[in-house]
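Student: Input file: entry16.cif. Contents: mmCIF, C-alpha atoms, pLDDT in the B column; chains and numbers go by the auth columns.
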data_start
loop_
_atom_site.group_PDB
_atom_site.id
_atom_site.type_symbol
_atom_site.label_atom_id
_atom_site.label_comp_id
_atom_site.label_asym_id
_atom_site.label_seq_id
_atom_site.Cartn_x
_atom_site.Cartn_y
_atom_site.Cartn_z
_atom_site.B_iso_or_equiv
_atom_site.auth_seq_id
_atom_site.auth_asym_id
ATOM 1 C CA MET A 1 0.000 0.000 0.000 40.00 1 A
ATOM 2 C CA GLN A 2 1.395 3.407 -0.959 46.00 2 A
ATOM 3 C CA LYS A 3 1.245 6.153 1.642 48.00 3 A
ATOM 4 C CA GLN A 4 1.602 9.793 0.776 61.00 4 A
ATOM 5 C CA LEU A 5 4.596 11.515 2.309 78.00 5 A
ATOM 6 C CA ASP A 6 5.532 15.132 1.693 86.00 6 A
ATOM 7 C CA LEU A 7 9.287 14.836 1.610 90.00 7 A
ATOM 8 C CA ARG A 8 9.870 18.556 2.007 89.00 8 A
ATOM 9 C CA LYS A 9 7.866 18.571 5.219 89.00 9 A
ATOM 10 C CA ILE A 10 9.667 15.534 6.581 92.00 10 A
ATOM 11 C CA LEU A 11 13.290 16.015 5.648 94.00 11 A
ATOM 12 C CA PRO A 12 15.150 18.486 7.843 92.00 12 A
ATOM 13 C CA GLN A 13 17.485 19.244 4.937 94.00 13 A
ATOM 14 C CA THR A 14 16.645 22.021 2.488 92.00 14 A
ATOM 15 C CA TYR A 15 18.219 23.490 -0.621 91.00 15 A
ATOM 16 C CA PRO A 16 21.108 23.374 -1.360 93.00 16 A
ATOM 17 C CA PHE A 17 21.408 20.153 0.634 95.00 17 A
ATOM 18 C CA LEU A 18 18.222 18.355 -0.374 95.00 18 A
ATOM 19 C CA PHE A 19 19.134 15.376 -2.569 96.00 19 A
ATOM 20 C CA ILE A 20 15.783 13.644 -3.055 96.00 20 A
ATOM 21 C CA ASP A 21 13.405 14.858 -5.759 96.00 21 A
ATOM 22 C CA LYS A 22 10.562 12.449 -5.178 95.00 22 A
ATOM 23 C CA ILE A 23 9.325 9.277 -3.542 96.00 23 A
ATOM 24 C CA SER A 24 8.345 6.855 -6.271 96.00 24 A
ATOM 25 C CA HIS A 25 7.344 3.872 -4.141 96.00 25 A
ATOM 26 C CA LEU A 26 6.604 3.241 -0.494 96.00 26 A
ATOM 27 C CA ASP A 27 5.404 0.126 1.260 96.00 27 A
ATOM 28 C CA ALA A 28 5.339 0.600 5.033 95.00 28 A
ATOM 29 C CA GLU A 29 4.304 -3.011 5.629 95.00 29 A
ATOM 30 C CA LYS A 30 7.264 -4.389 3.693 97.00 30 A
ATOM 31 C CA GLN A 31 9.395 -1.552 5.131 97.00 31 A
ATOM 32 C CA ILE A 32 10.753 -0.436 1.761 98.00 32 A
ATOM 33 C CA ILE A 33 10.945 2.857 -0.056 98.00 33 A
ATOM 34 C CA THR A 34 12.212 4.050 -3.433 98.00 34 A
ATOM 35 C CA CYS A 35 13.312 7.633 -3.950 98.00 35 A
ATOM 36 C CA ILE A 36 14.525 9.452 -7.026 97.00 36 A
ATOM 37 C CA LYS A 37 17.262 12.001 -7.476 97.00 37 A
ATOM 38 C CA ASN A 38 17.598 13.616 -10.886 97.00 38 A
ATOM 39 C CA VAL A 39 21.251 14.432 -11.480 97.00 39 A
ATOM 40 C CA SER A 40 21.573 17.795 -13.183 95.00 40 A
ATOM 41 C CA GLY A 41 24.735 19.291 -14.575 93.00 41 A
ATOM 42 C CA ASN A 42 23.821 22.566 -12.878 93.00 42 A
ATOM 43 C CA GLU A 43 24.591 21.240 -9.392 94.00 43 A
ATOM 44 C CA SER A 44 27.365 23.395 -7.960 94.00 44 A
ATOM 45 C CA TYR A 45 29.755 20.628 -6.914 95.00 45 A
ATOM 46 C CA PHE A 46 30.204 19.550 -10.522 96.00 46 A
ATOM 47 C CA GLN A 47 32.234 22.680 -11.192 95.00 47 A
ATOM 48 C CA GLY A 48 35.027 21.243 -9.096 96.00 48 A
ATOM 49 C CA HIS A 49 34.290 17.506 -9.257 96.00 49 A
ATOM 50 C CA PHE A 50 35.763 17.449 -11.766 96.00 50 A
ATOM 51 C CA PRO A 51 36.427 20.327 -14.216 96.00 51 A
ATOM 52 C CA GLY A 52 35.442 19.060 -17.655 95.00 52 A
ATOM 53 C CA ASN A 53 34.506 15.644 -16.245 96.00 53 A
ATOM 54 C CA PRO A 54 31.508 15.947 -13.912 97.00 54 A
ATOM 55 C CA VAL A 55 31.039 12.960 -11.599 98.00 55 A
ATOM 56 C CA LEU A 56 28.562 12.877 -8.720 98.00 56 A
ATOM 57 C CA PRO A 57 30.629 12.702 -5.521 98.00 57 A
ATOM 58 C CA GLY A 58 30.187 9.453 -3.621 97.00 58 A
ATOM 59 C CA VAL A 59 29.478 11.417 -0.466 97.00 59 A
ATOM 60 C CA ILE A 60 26.469 13.010 -2.175 98.00 60 A
ATOM 61 C CA ILE A 61 25.160 9.566 -3.053 98.00 61 A
ATOM 62 C CA VAL A 62 25.582 8.618 0.620 98.00 62 A
ATOM 63 C CA GLU A 63 23.723 11.760 1.686 98.00 63 A
ATOM 64 C CA ALA A 64 20.890 10.904 -0.714 98.00 64 A
ATOM 65 C CA MET A 65 20.819 7.428 0.816 98.00 65 A
ATOM 66 C CA ALA A 66 20.691 8.946 4.302 98.00 66 A
ATOM 67 C CA GLN A 67 17.778 11.186 3.307 98.00 67 A
ATOM 68 C CA THR A 68 16.004 8.173 1.826 98.00 68 A
ATOM 69 C CA SER A 69 16.508 6.422 5.169 98.00 69 A
ATOM 70 C CA ILE A 70 14.943 9.367 7.018 97.00 70 A
ATOM 71 C CA LEU A 71 11.885 9.098 4.784 97.00 71 A
ATOM 72 C CA LEU A 72 11.650 5.377 5.501 97.00 72 A
ATOM 73 C CA TYR A 73 11.870 6.077 9.231 97.00 73 A
ATOM 74 C CA ALA A 74 9.114 8.670 8.873 96.00 74 A
ATOM 75 C CA ALA A 75 6.907 6.120 7.113 96.00 75 A
ATOM 76 C CA LEU A 76 7.440 3.508 9.808 96.00 76 A
ATOM 77 C CA LYS A 77 7.338 5.863 12.785 96.00 77 A
ATOM 78 C CA PRO A 78 4.869 8.583 11.730 94.00 78 A
ATOM 79 C CA GLY A 79 3.954 9.370 15.324 94.00 79 A
ATOM 80 C CA ASN A 80 7.533 10.436 16.066 96.00 80 A
ATOM 81 C CA MET A 81 7.735 13.053 13.339 93.00 81 A
ATOM 82 C CA ALA A 82 5.717 15.586 15.363 90.00 82 A
ATOM 83 C CA ARG A 83 8.481 15.435 17.998 92.00 83 A
ATOM 84 C CA LYS A 84 10.957 17.101 15.634 90.00 84 A
ATOM 85 C CA PRO A 85 13.442 14.249 15.549 94.00 85 A
ATOM 86 C CA VAL A 86 17.114 14.982 15.016 96.00 86 A
ATOM 87 C CA PHE A 87 18.839 12.407 12.831 96.00 87 A
ATOM 88 C CA PHE A 88 22.514 11.699 13.023 95.00 88 A
ATOM 89 C CA LEU A 89 24.493 9.266 10.947 95.00 89 A
ATOM 90 C CA GLY A 90 26.437 6.718 12.962 95.00 90 A
ATOM 91 C CA LYS A 91 28.045 4.326 10.535 95.00 91 A
ATOM 92 C CA ILE A 92 28.191 3.689 6.807 97.00 92 A
ATOM 93 C CA GLU A 93 29.491 0.689 4.942 97.00 93 A
ATOM 94 C CA ALA A 94 29.405 1.596 1.275 98.00 94 A
ATOM 95 C CA VAL A 95 30.592 0.268 -2.051 98.00 95 A
ATOM 96 C CA PHE A 96 30.694 2.437 -5.172 98.00 96 A
ATOM 97 C CA LYS A 97 30.483 0.475 -8.380 98.00 97 A
ATOM 98 C CA LYS A 98 29.971 2.915 -11.240 98.00 98 A
ATOM 99 C CA PRO A 99 30.247 6.671 -11.636 98.00 99 A
ATOM 100 C CA VAL A 100 27.079 8.746 -11.745 98.00 100 A
ATOM 101 C CA VAL A 101 27.029 11.678 -14.162 98.00 101 A
ATOM 102 C CA PRO A 102 24.718 14.562 -15.118 98.00 102 A
ATOM 103 C CA GLY A 103 21.641 13.290 -16.916 97.00 103 A
ATOM 104 C CA ASP A 104 21.418 10.140 -14.817 98.00 104 A
ATOM 105 C CA VAL A 105 18.305 9.421 -12.786 98.00 105 A
ATOM 106 C CA LEU A 106 19.467 7.973 -9.486 98.00 106 A
ATOM 107 C CA GLU A 107 17.011 5.505 -7.996 98.00 107 A
ATOM 108 C CA LEU A 108 17.515 4.814 -4.290 98.00 108 A
ATOM 109 C CA ASN A 109 15.946 1.627 -2.985 98.00 109 A
ATOM 110 C CA ALA A 110 15.983 1.318 0.787 98.00 110 A
ATOM 111 C CA SER A 111 14.831 -1.451 3.079 98.00 111 A
ATOM 112 C CA SER A 112 14.796 -1.545 6.836 98.00 112 A
ATOM 113 C CA GLU A 113 17.048 -3.996 8.587 97.00 113 A
ATOM 114 C CA LYS A 114 15.864 -2.657 11.938 97.00 114 A
ATOM 115 C CA ILE A 115 14.155 0.611 12.757 98.00 115 A
ATOM 116 C CA ILE A 116 13.207 1.586 16.290 97.00 116 A
ATOM 117 C CA ASP A 117 12.221 4.908 17.833 97.00 117 A
ATOM 118 C CA THR A 118 15.811 5.866 18.617 96.00 118 A
ATOM 119 C CA GLY A 119 17.568 4.729 15.475 97.00 119 A
ATOM 120 C CA GLY A 120 17.815 2.399 12.575 98.00 120 A
ATOM 121 C CA ILE A 121 19.860 0.272 10.216 98.00 121 A
ATOM 122 C CA VAL A 122 18.880 0.577 6.575 98.00 122 A
ATOM 123 C CA ARG A 123 20.220 -1.086 3.455 98.00 123 A
ATOM 124 C CA VAL A 124 20.200 1.098 0.356 98.00 124 A
ATOM 125 C CA SER A 125 20.918 0.239 -3.227 98.00 125 A
ATOM 126 C CA ALA A 126 21.435 3.075 -5.716 98.00 126 A
ATOM 127 C CA LYS A 127 20.693 2.349 -9.361 98.00 127 A
ATOM 128 C CA VAL A 128 20.875 4.158 -12.671 98.00 128 A
ATOM 129 C CA GLY A 129 18.659 2.283 -15.076 98.00 129 A
ATOM 130 C CA ALA A 130 19.306 -1.396 -14.489 97.00 130 A
ATOM 131 C CA SER A 131 22.823 -0.861 -13.133 98.00 131 A
ATOM 132 C CA ILE A 132 23.586 -0.781 -9.432 98.00 132 A
ATOM 133 C CA VAL A 133 25.980 2.129 -8.955 98.00 133 A
ATOM 134 C CA ALA A 134 26.360 1.980 -5.183 98.00 134 A
ATOM 135 C CA GLU A 135 25.238 -0.022 -2.191 98.00 135 A
ATOM 136 C CA ALA A 136 25.421 0.806 1.469 98.00 136 A
ATOM 137 C CA THR A 137 24.248 -0.092 4.925 98.00 137 A
ATOM 138 C CA LEU A 138 23.610 2.966 7.045 98.00 138 A
ATOM 139 C CA SER A 139 23.193 3.074 10.804 97.00 139 A
ATOM 140 C CA PHE A 140 21.700 6.200 12.319 97.00 140 A
ATOM 141 C CA GLY A 141 20.491 7.497 15.633 97.00 141 A
ATOM 142 C CA VAL A 142 17.382 9.552 16.285 97.00 142 A
ATOM 143 C CA LYS A 143 17.025 12.049 19.094 95.00 143 A
ATOM 144 C CA LEU A 144 13.408 12.751 19.943 93.00 144 A
ATOM 145 C CA ILE A 145 12.625 16.025 21.650 84.00 145 A
ATOM 146 C CA MET B 1 21.036 -33.252 26.276 62.00 1 B
ATOM 147 C CA ALA B 2 20.093 -31.887 22.849 64.00 2 B
ATOM 148 C CA LYS B 3 18.430 -28.886 24.480 66.00 3 B
ATOM 149 C CA LYS B 4 21.536 -28.146 26.570 71.00 4 B
ATOM 150 C CA ASN B 5 23.699 -28.349 23.434 81.00 5 B
ATOM 151 C CA GLY B 6 21.309 -25.982 21.694 89.00 6 B
ATOM 152 C CA VAL B 7 21.631 -23.448 24.503 93.00 7 B
ATOM 153 C CA GLU B 8 25.414 -23.723 24.583 94.00 8 B
ATOM 154 C CA GLN B 9 25.669 -23.294 20.812 95.00 9 B
ATOM 155 C CA MET B 10 23.321 -20.319 20.975 96.00 10 B
ATOM 156 C CA LYS B 11 25.491 -18.686 23.633 96.00 11 B
ATOM 157 C CA LYS B 12 28.630 -19.255 21.535 96.00 12 B
ATOM 158 C CA ASP B 13 26.956 -17.767 18.472 96.00 13 B
ATOM 159 C CA VAL B 14 25.677 -14.729 20.370 97.00 14 B
ATOM 160 C CA LYS B 15 29.060 -14.112 21.955 97.00 15 B
ATOM 161 C CA LYS B 16 30.738 -14.319 18.532 97.00 16 B
ATOM 162 C CA LEU B 17 28.304 -11.779 17.094 97.00 17 B
ATOM 163 C CA VAL B 18 28.805 -9.397 19.998 97.00 18 B
ATOM 164 C CA SER B 19 32.571 -9.832 19.724 97.00 19 B
ATOM 165 C CA GLU B 20 32.546 -8.976 16.007 96.00 20 B
ATOM 166 C CA ILE B 21 30.379 -5.912 16.436 95.00 21 B
ATOM 167 C CA SER B 22 31.986 -4.583 19.617 95.00 22 B
ATOM 168 C CA GLU B 23 35.516 -5.526 18.491 95.00 23 B
ATOM 169 C CA ILE B 24 36.099 -7.065 21.910 96.00 24 B
ATOM 170 C CA PRO B 25 37.750 -10.505 21.799 96.00 25 B
ATOM 171 C CA VAL B 26 35.445 -13.381 22.749 96.00 26 B
ATOM 172 C CA GLY B 27 37.720 -14.290 25.659 94.00 27 B
ATOM 173 C CA GLU B 28 37.236 -10.848 27.196 94.00 28 B
ATOM 174 C CA LEU B 29 33.445 -10.871 27.041 96.00 29 B
ATOM 175 C CA LYS B 30 31.904 -11.741 30.382 95.00 30 B
ATOM 176 C CA ASP B 31 28.264 -12.763 30.453 96.00 31 B
ATOM 177 C CA GLU B 32 27.442 -10.375 33.309 96.00 32 B
ATOM 178 C CA ALA B 33 29.402 -7.365 32.009 96.00 33 B
ATOM 179 C CA LEU B 34 27.079 -4.458 31.288 96.00 34 B
ATOM 180 C CA PHE B 35 27.195 -3.454 27.617 96.00 35 B
ATOM 181 C CA THR B 36 27.173 0.297 28.139 95.00 36 B
ATOM 182 C CA GLU B 37 28.877 0.826 31.472 95.00 37 B
ATOM 183 C CA GLU B 38 31.554 -1.851 31.256 95.00 38 B
ATOM 184 C CA LEU B 39 32.017 -2.777 27.601 95.00 39 B
ATOM 185 C CA GLY B 40 31.599 0.655 26.028 94.00 40 B
ATOM 186 C CA ILE B 41 28.907 -0.573 23.637 95.00 41 B
ATOM 187 C CA ASP B 42 26.908 2.486 22.609 93.00 42 B
ATOM 188 C CA SER B 43 23.314 2.559 21.389 92.00 43 B
ATOM 189 C CA MET B 44 24.313 2.298 17.739 93.00 44 B
ATOM 190 C CA LYS B 45 26.367 -0.853 18.340 95.00 45 B
ATOM 191 C CA ALA B 46 23.566 -2.193 20.536 95.00 46 B
ATOM 192 C CA LEU B 47 21.161 -1.829 17.623 96.00 47 B
ATOM 193 C CA GLU B 48 23.634 -3.610 15.348 96.00 48 B
ATOM 194 C CA ILE B 49 23.788 -6.448 17.851 97.00 49 B
ATOM 195 C CA VAL B 50 19.989 -6.667 17.943 97.00 50 B
ATOM 196 C CA ALA B 51 19.787 -6.730 14.140 97.00 51 B
ATOM 197 C CA ALA B 52 22.546 -9.345 13.886 96.00 52 B
ATOM 198 C CA VAL B 53 20.908 -11.566 16.513 97.00 53 B
ATOM 199 C CA GLU B 54 17.551 -11.303 14.750 97.00 54 B
ATOM 200 C CA LYS B 55 19.132 -12.302 11.449 96.00 55 B
ATOM 201 C CA LYS B 56 21.185 -15.141 12.911 96.00 56 B
ATOM 202 C CA PHE B 57 18.384 -16.765 14.885 96.00 57 B
ATOM 203 C CA LYS B 58 15.487 -15.683 12.635 96.00 58 B
ATOM 204 C CA VAL B 59 13.637 -14.015 15.486 96.00 59 B
ATOM 205 C CA ILE B 60 12.158 -10.582 16.000 95.00 60 B
ATOM 206 C CA ILE B 61 13.137 -8.806 19.174 96.00 61 B
ATOM 207 C CA PRO B 62 10.274 -6.546 20.258 95.00 62 B
ATOM 208 C CA GLU B 63 11.386 -2.928 20.481 95.00 63 B
ATOM 209 C CA GLU B 64 10.272 -2.622 24.100 95.00 64 B
ATOM 210 C CA GLN B 65 12.593 -5.514 25.043 95.00 65 B
ATOM 211 C CA ILE B 66 15.721 -3.851 23.621 95.00 66 B
ATOM 212 C CA PRO B 67 16.498 -1.636 26.661 94.00 67 B
ATOM 213 C CA THR B 68 16.425 -4.770 28.854 95.00 68 B
ATOM 214 C CA LEU B 69 19.313 -6.347 26.933 95.00 69 B
ATOM 215 C CA ARG B 70 21.954 -4.863 29.189 95.00 70 B
ATOM 216 C CA SER B 71 24.446 -7.741 29.081 96.00 71 B
ATOM 217 C CA LEU B 72 25.074 -11.031 27.303 97.00 72 B
ATOM 218 C CA LYS B 73 23.199 -12.816 30.075 97.00 73 B
ATOM 219 C CA TYR B 74 20.008 -10.936 29.242 97.00 74 B
ATOM 220 C CA VAL B 75 20.456 -11.596 25.512 97.00 75 B
ATOM 221 C CA TYR B 76 20.810 -15.326 26.163 97.00 76 B
ATOM 222 C CA GLU B 77 17.655 -15.343 28.290 96.00 77 B
ATOM 223 C CA LEU B 78 15.624 -13.567 25.631 96.00 78 B
ATOM 224 C CA ILE B 79 16.832 -15.793 22.801 96.00 79 B
ATOM 225 C CA LYS B 80 16.116 -18.880 24.895 95.00 80 B
ATOM 226 C CA LYS B 81 12.583 -17.599 25.404 94.00 81 B
ATOM 227 C CA LEU B 82 12.050 -16.703 21.734 94.00 82 B
ATOM 228 C CA LEU B 83 13.453 -19.998 20.485 94.00 83 B
ATOM 229 C CA LYS B 84 11.838 -22.004 23.291 91.00 84 B
ATOM 230 C CA LEU B 85 15.176 -23.583 24.194 88.00 85 B
#
If you convert what's in this file into structure tokens, what do you get?

Tutor:
Amino acid sequence: MQKQLDLRKILPQTYPFLFIDKISHLDAEKQIITCIKNVSGNESYFQGHFPGNPVLPGVIIVEAMAQTSILLYAALKPGNMARKPVFFLGKIEAVFKKPVVPGDVLELNASSEKIIDTGGIVRVSAKVGASIVAEATLSFGVKLI
Amino acid sequence: MAKKNGVEQMKKDVKKLVSEISEIPVGELKDEALFTEELGIDSMKALEIVAAVEKKFKVIIPEEQIPTLRSLKYVYELIKKLLKL
């Protein structure tokens, strides 16, 4: 079952540090979410990474994965979102398989390994088309006010 | 006899998981040592342990039980209960 989530109301990040454009699939029962990031050549970091050869920095892919994980947490713990949770990344184990370049549509598929009120472990696979470009397991903590 | 072996194997497996995640050698892990106060296992590592135990033993640890898992001894007791050992 698809639930509606307004990502801009949920994610604490805003421009220029918002790296999710939309949620394309969400199943709270199966504890999975798919988010999309459209990679545009206009993004500022491409000027330096690298001049004449723009490649999406791996750390930006990780940040997009982290934001996808926040959205998954919000879907599984909707009651906590009114308590203005603060999310902090604890650990990442990531593998980068292929470069991501302007024009690519980055699809982030996340599934919960374990999500509780005070944190979570999420597995995320990033794809461009049929190719997996990166995979990671992220552990994060949540401080509820 | 089979049940006792099952419990002993479970304890070995749990200790190995905790050792890998906490990076504390198996020989230094005491069953009664408190995870946070004595072993320096923070909440993030504790969650990793919970997830690893769930995966290894194919159980689900209820969220409300997690704060009670303060040492290996408590983990063993919960797994015994969940697996009916």

Student: Excluding stretch 86-94 of chain A and any residue of its chain fewer than 4 positions from it, enumerate the residues within 7 Å of it, using all atoms listed in the file, and give them as a PyMOL selection string.

Tutor: (chain A and resi 135-144) or (chain B and resi 44)

Student: Kindly export the residues of the current selection with C-alpha atoms, as a PDB file, keeping the file's coordinate frame.

Tutor:
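Saved as again-v4.pdb:
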ATOM      1  CA  GLU A 135      25.238  -0.022  -2.191  1.00 98.00           C
ATOM      2  CA  ALA A 136      25.421   0.806   1.469  1.00 98.00           C
ATOM      3  CA  THR A 137      24.248  -0.092   4.925  1.00 98.00           C
ATOM      4  CA  LEU A 138      23.610   2.966   7.045  1.00 98.00           C
ATOM      5  CA  SER A 139      23.193   3.074  10.804  1.00 97.00           C
ATOM      6  CA  PHE A 140      21.700   6.200  12.319  1.00 97.00           C
ATOM      7  CA  GLY A 141      20.491   7.497  15.633  1.00 97.00           C
ATOM      8  CA  VAL A 142      17.382   9.552  16.285  1.00 97.00           C
ATOM      9  CA  LYS A 143      17.025  12.049  19.094  1.00 95.00           C
ATOM     10  CA  LEU A 144      13.408  12.751  19.943  1.00 93.00           C
TER      11      LEU A 144
ATOM     12  CA  MET B  44      24.313   2.298  17.739  1.00 93.00           C
TER      13      MET B  44
END

Student: Go through A:Leu5, A:Ser112, A:Ile61, A:Phe17 one by one, measure the shortest atom-to-atom distance of each to A:Glu29 using all atoms listed in the file, and give the residue with the smallest value.

Tutor: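 Checking each candidate against A:Glu29, we get A:Ser112 as the closest.
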
Student: Go through A:Gln47, A:Thr118, A:Asn42, A:Ser111 one by one, measure the shortest atom-to-atom distance of each to chain B using all atoms listed in the file, and give the residue with the smallest value.

Tutor: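 Checking each candidate against chain B, we get A:Thr118 as the closest.
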
Student: Please check which residues have atoms at most 10 Å from (31.1, 2.8, -14.0) in the file's coordinates, counting all atoms listed in the file, and write them as a ChimeraX atom specification.

Tutor: /A:96-101,131-133

Student: Applying the PyMOL selection byres ((chain B and resi 31) around 9) to the file I just gave you, which residues come out? Please list them as a ChimeraX atom specification.

Tutor: /B:15,29-30,32-34,71-74,76

Student: State, in Å with one decimal place, the distance from atom CA of A:Ser44 to atom CA of A:Leu106.

Tutor: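 Interatomic distance, atom CA of A:Ser44 to atom CA of A:Leu106: 17.4 Å.
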
Student: Which residues fall under the PyMOL selection byres ((chain B) within 12 of (chain A)) in this file, as number ranges by chain?

Tutor: B: 42-55, 60-67

Student: Tell me which protein, DNA and RNA residues are within 12 Å of A:Pro12, counting all atoms listed in the file, leaving out same-chain ones fewer than 6 positions away, and put them as a list in words.

Tutor: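 The residues satisfying every condition are Asp6, Leu18, Phe19, Ile20, Ala66, Gln67, Thr68, Ile70, Leu71, Ala74, Met81, Lys84, Pro85, Val86, Phe87 and Phe88 of chain A.
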
Student: So how far away is atom CA of A:Thr34 from atom CA of A:Ala134, in Å?

Tutor: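 Computing the Euclidean distance for atom CA of A:Ala134 and atom CA of A:Thr34 yields 14.4 Å.
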
Student: Name the residues in contact with A:Tyr45 at a cut-off of 10 Å, using all atoms listed in the file, excluding same-chain residues fewer than 3 positions from it; report them as a PyMOL selection string.

Tutor: chain A and resi 41-42+48-51+54-57+60

Student: Can you take the partial stretch 20-37 of chain B, add N, CA and C atoms, and return it as a PDB file, in the coordinates of the input?

Tutor:
ATOM      1  N   GLU B  20      32.275  -9.570  17.330  1.00 96.00           N
ATOM      2  CA  GLU B  20      32.546  -8.976  16.007  1.00 96.00           C
ATOM      3  C   GLU B  20      32.097  -7.523  15.970  1.00 96.00           C
ATOM      4  N   ILE B  21      30.934  -7.262  16.519  1.00 95.00           N
ATOM      5  CA  ILE B  21      30.379  -5.912  16.436  1.00 95.00           C
ATOM      6  C   ILE B  21      31.084  -4.968  17.409  1.00 95.00           C
ATOM      7  N   SER B  22      31.377  -5.450  18.599  1.00 95.00           N
ATOM      8  CA  SER B  22      31.986  -4.583  19.617  1.00 95.00           C
ATOM      9  C   SER B  22      33.499  -4.500  19.464  1.00 95.00           C
ATOM     10  N   GLU B  23      34.056  -5.419  18.659  1.00 95.00           N
ATOM     11  CA  GLU B  23      35.516  -5.526  18.491  1.00 95.00           C
ATOM     12  C   GLU B  23      36.204  -5.834  19.822  1.00 95.00           C
ATOM     13  N   ILE B  24      35.511  -6.570  20.660  1.00 96.00           N
ATOM     14  CA  ILE B  24      36.099  -7.065  21.910  1.00 96.00           C
ATOM     15  C   ILE B  24      36.301  -8.565  21.729  1.00 96.00           C
ATOM     16  N   PRO B  25      37.511  -9.062  21.988  1.00 96.00           N
ATOM     17  CA  PRO B  25      37.750 -10.505  21.799  1.00 96.00           C
ATOM     18  C   PRO B  25      36.776 -11.338  22.620  1.00 96.00           C
ATOM     19  N   VAL B  26      36.405 -12.502  22.079  1.00 96.00           N
ATOM     20  CA  VAL B  26      35.445 -13.381  22.749  1.00 96.00           C
ATOM     21  C   VAL B  26      35.889 -13.696  24.171  1.00 96.00           C
ATOM     22  N   GLY B  27      37.188 -13.934  24.340  1.00 94.00           N
ATOM     23  CA  GLY B  27      37.720 -14.290  25.659  1.00 94.00           C
ATOM     24  C   GLY B  27      37.553 -13.199  26.708  1.00 94.00           C
ATOM     25  N   GLU B  28      37.359 -11.959  26.236  1.00 94.00           N
ATOM     26  CA  GLU B  28      37.236 -10.848  27.196  1.00 94.00           C
ATOM     27  C   GLU B  28      35.777 -10.493  27.489  1.00 94.00           C
ATOM     28  N   LEU B  29      34.863 -11.184  26.832  1.00 96.00           N
ATOM     29  CA  LEU B  29      33.445 -10.871  27.041  1.00 96.00           C
ATOM     30  C   LEU B  29      32.889 -11.715  28.183  1.00 96.00           C
ATOM     31  N   LYS B  30      32.501 -11.034  29.245  1.00 95.00           N
ATOM     32  CA  LYS B  30      31.904 -11.741  30.382  1.00 95.00           C
ATOM     33  C   LYS B  30      30.387 -11.640  30.272  1.00 95.00           C
ATOM     34  N   ASP B  31      29.713 -12.741  30.622  1.00 96.00           N
ATOM     35  CA  ASP B  31      28.264 -12.763  30.453  1.00 96.00           C
ATOM     36  C   ASP B  31      27.549 -11.687  31.268  1.00 96.00           C
ATOM     37  N   GLU B  32      28.120 -11.348  32.438  1.00 96.00           N
ATOM     38  CA  GLU B  32      27.442 -10.375  33.309  1.00 96.00           C
ATOM     39  C   GLU B  32      27.871  -8.923  33.052  1.00 96.00           C
ATOM     40  N   ALA B  33      28.892  -8.734  32.222  1.00 96.00           N
ATOM     41  CA  ALA B  33      29.402  -7.365  32.009  1.00 96.00           C
ATOM     42  C   ALA B  33      28.352  -6.521  31.300  1.00 96.00           C
ATOM     43  N   LEU B  34      28.097  -5.336  31.864  1.00 96.00           N
ATOM     44  CA  LEU B  34      27.079  -4.458  31.288  1.00 96.00           C
ATOM     45  C   LEU B  34      27.605  -3.844  29.985  1.00 96.00           C
ATOM     46  N   PHE B  35      26.773  -3.906  28.951  1.00 96.00           N
ATOM     47  CA  PHE B  35      27.195  -3.454  27.617  1.00 96.00           C
ATOM     48  C   PHE B  35      27.680  -2.004  27.638  1.00 96.00           C
ATOM     49  N   THR B  36      26.854  -1.135  28.220  1.00 95.00           N
ATOM     50  CA  THR B  36      27.173   0.297  28.139  1.00 95.00           C
ATOM     51  C   THR B  36      28.254   0.683  29.148  1.00 95.00           C
ATOM     52  N   GLU B  37      28.001   0.335  30.402  1.00 95.00           N
ATOM     53  CA  GLU B  37      28.877   0.826  31.472  1.00 95.00           C
ATOM     54  C   GLU B  37      30.243   0.159  31.493  1.00 95.00           C
TER      55      GLU B  37
END
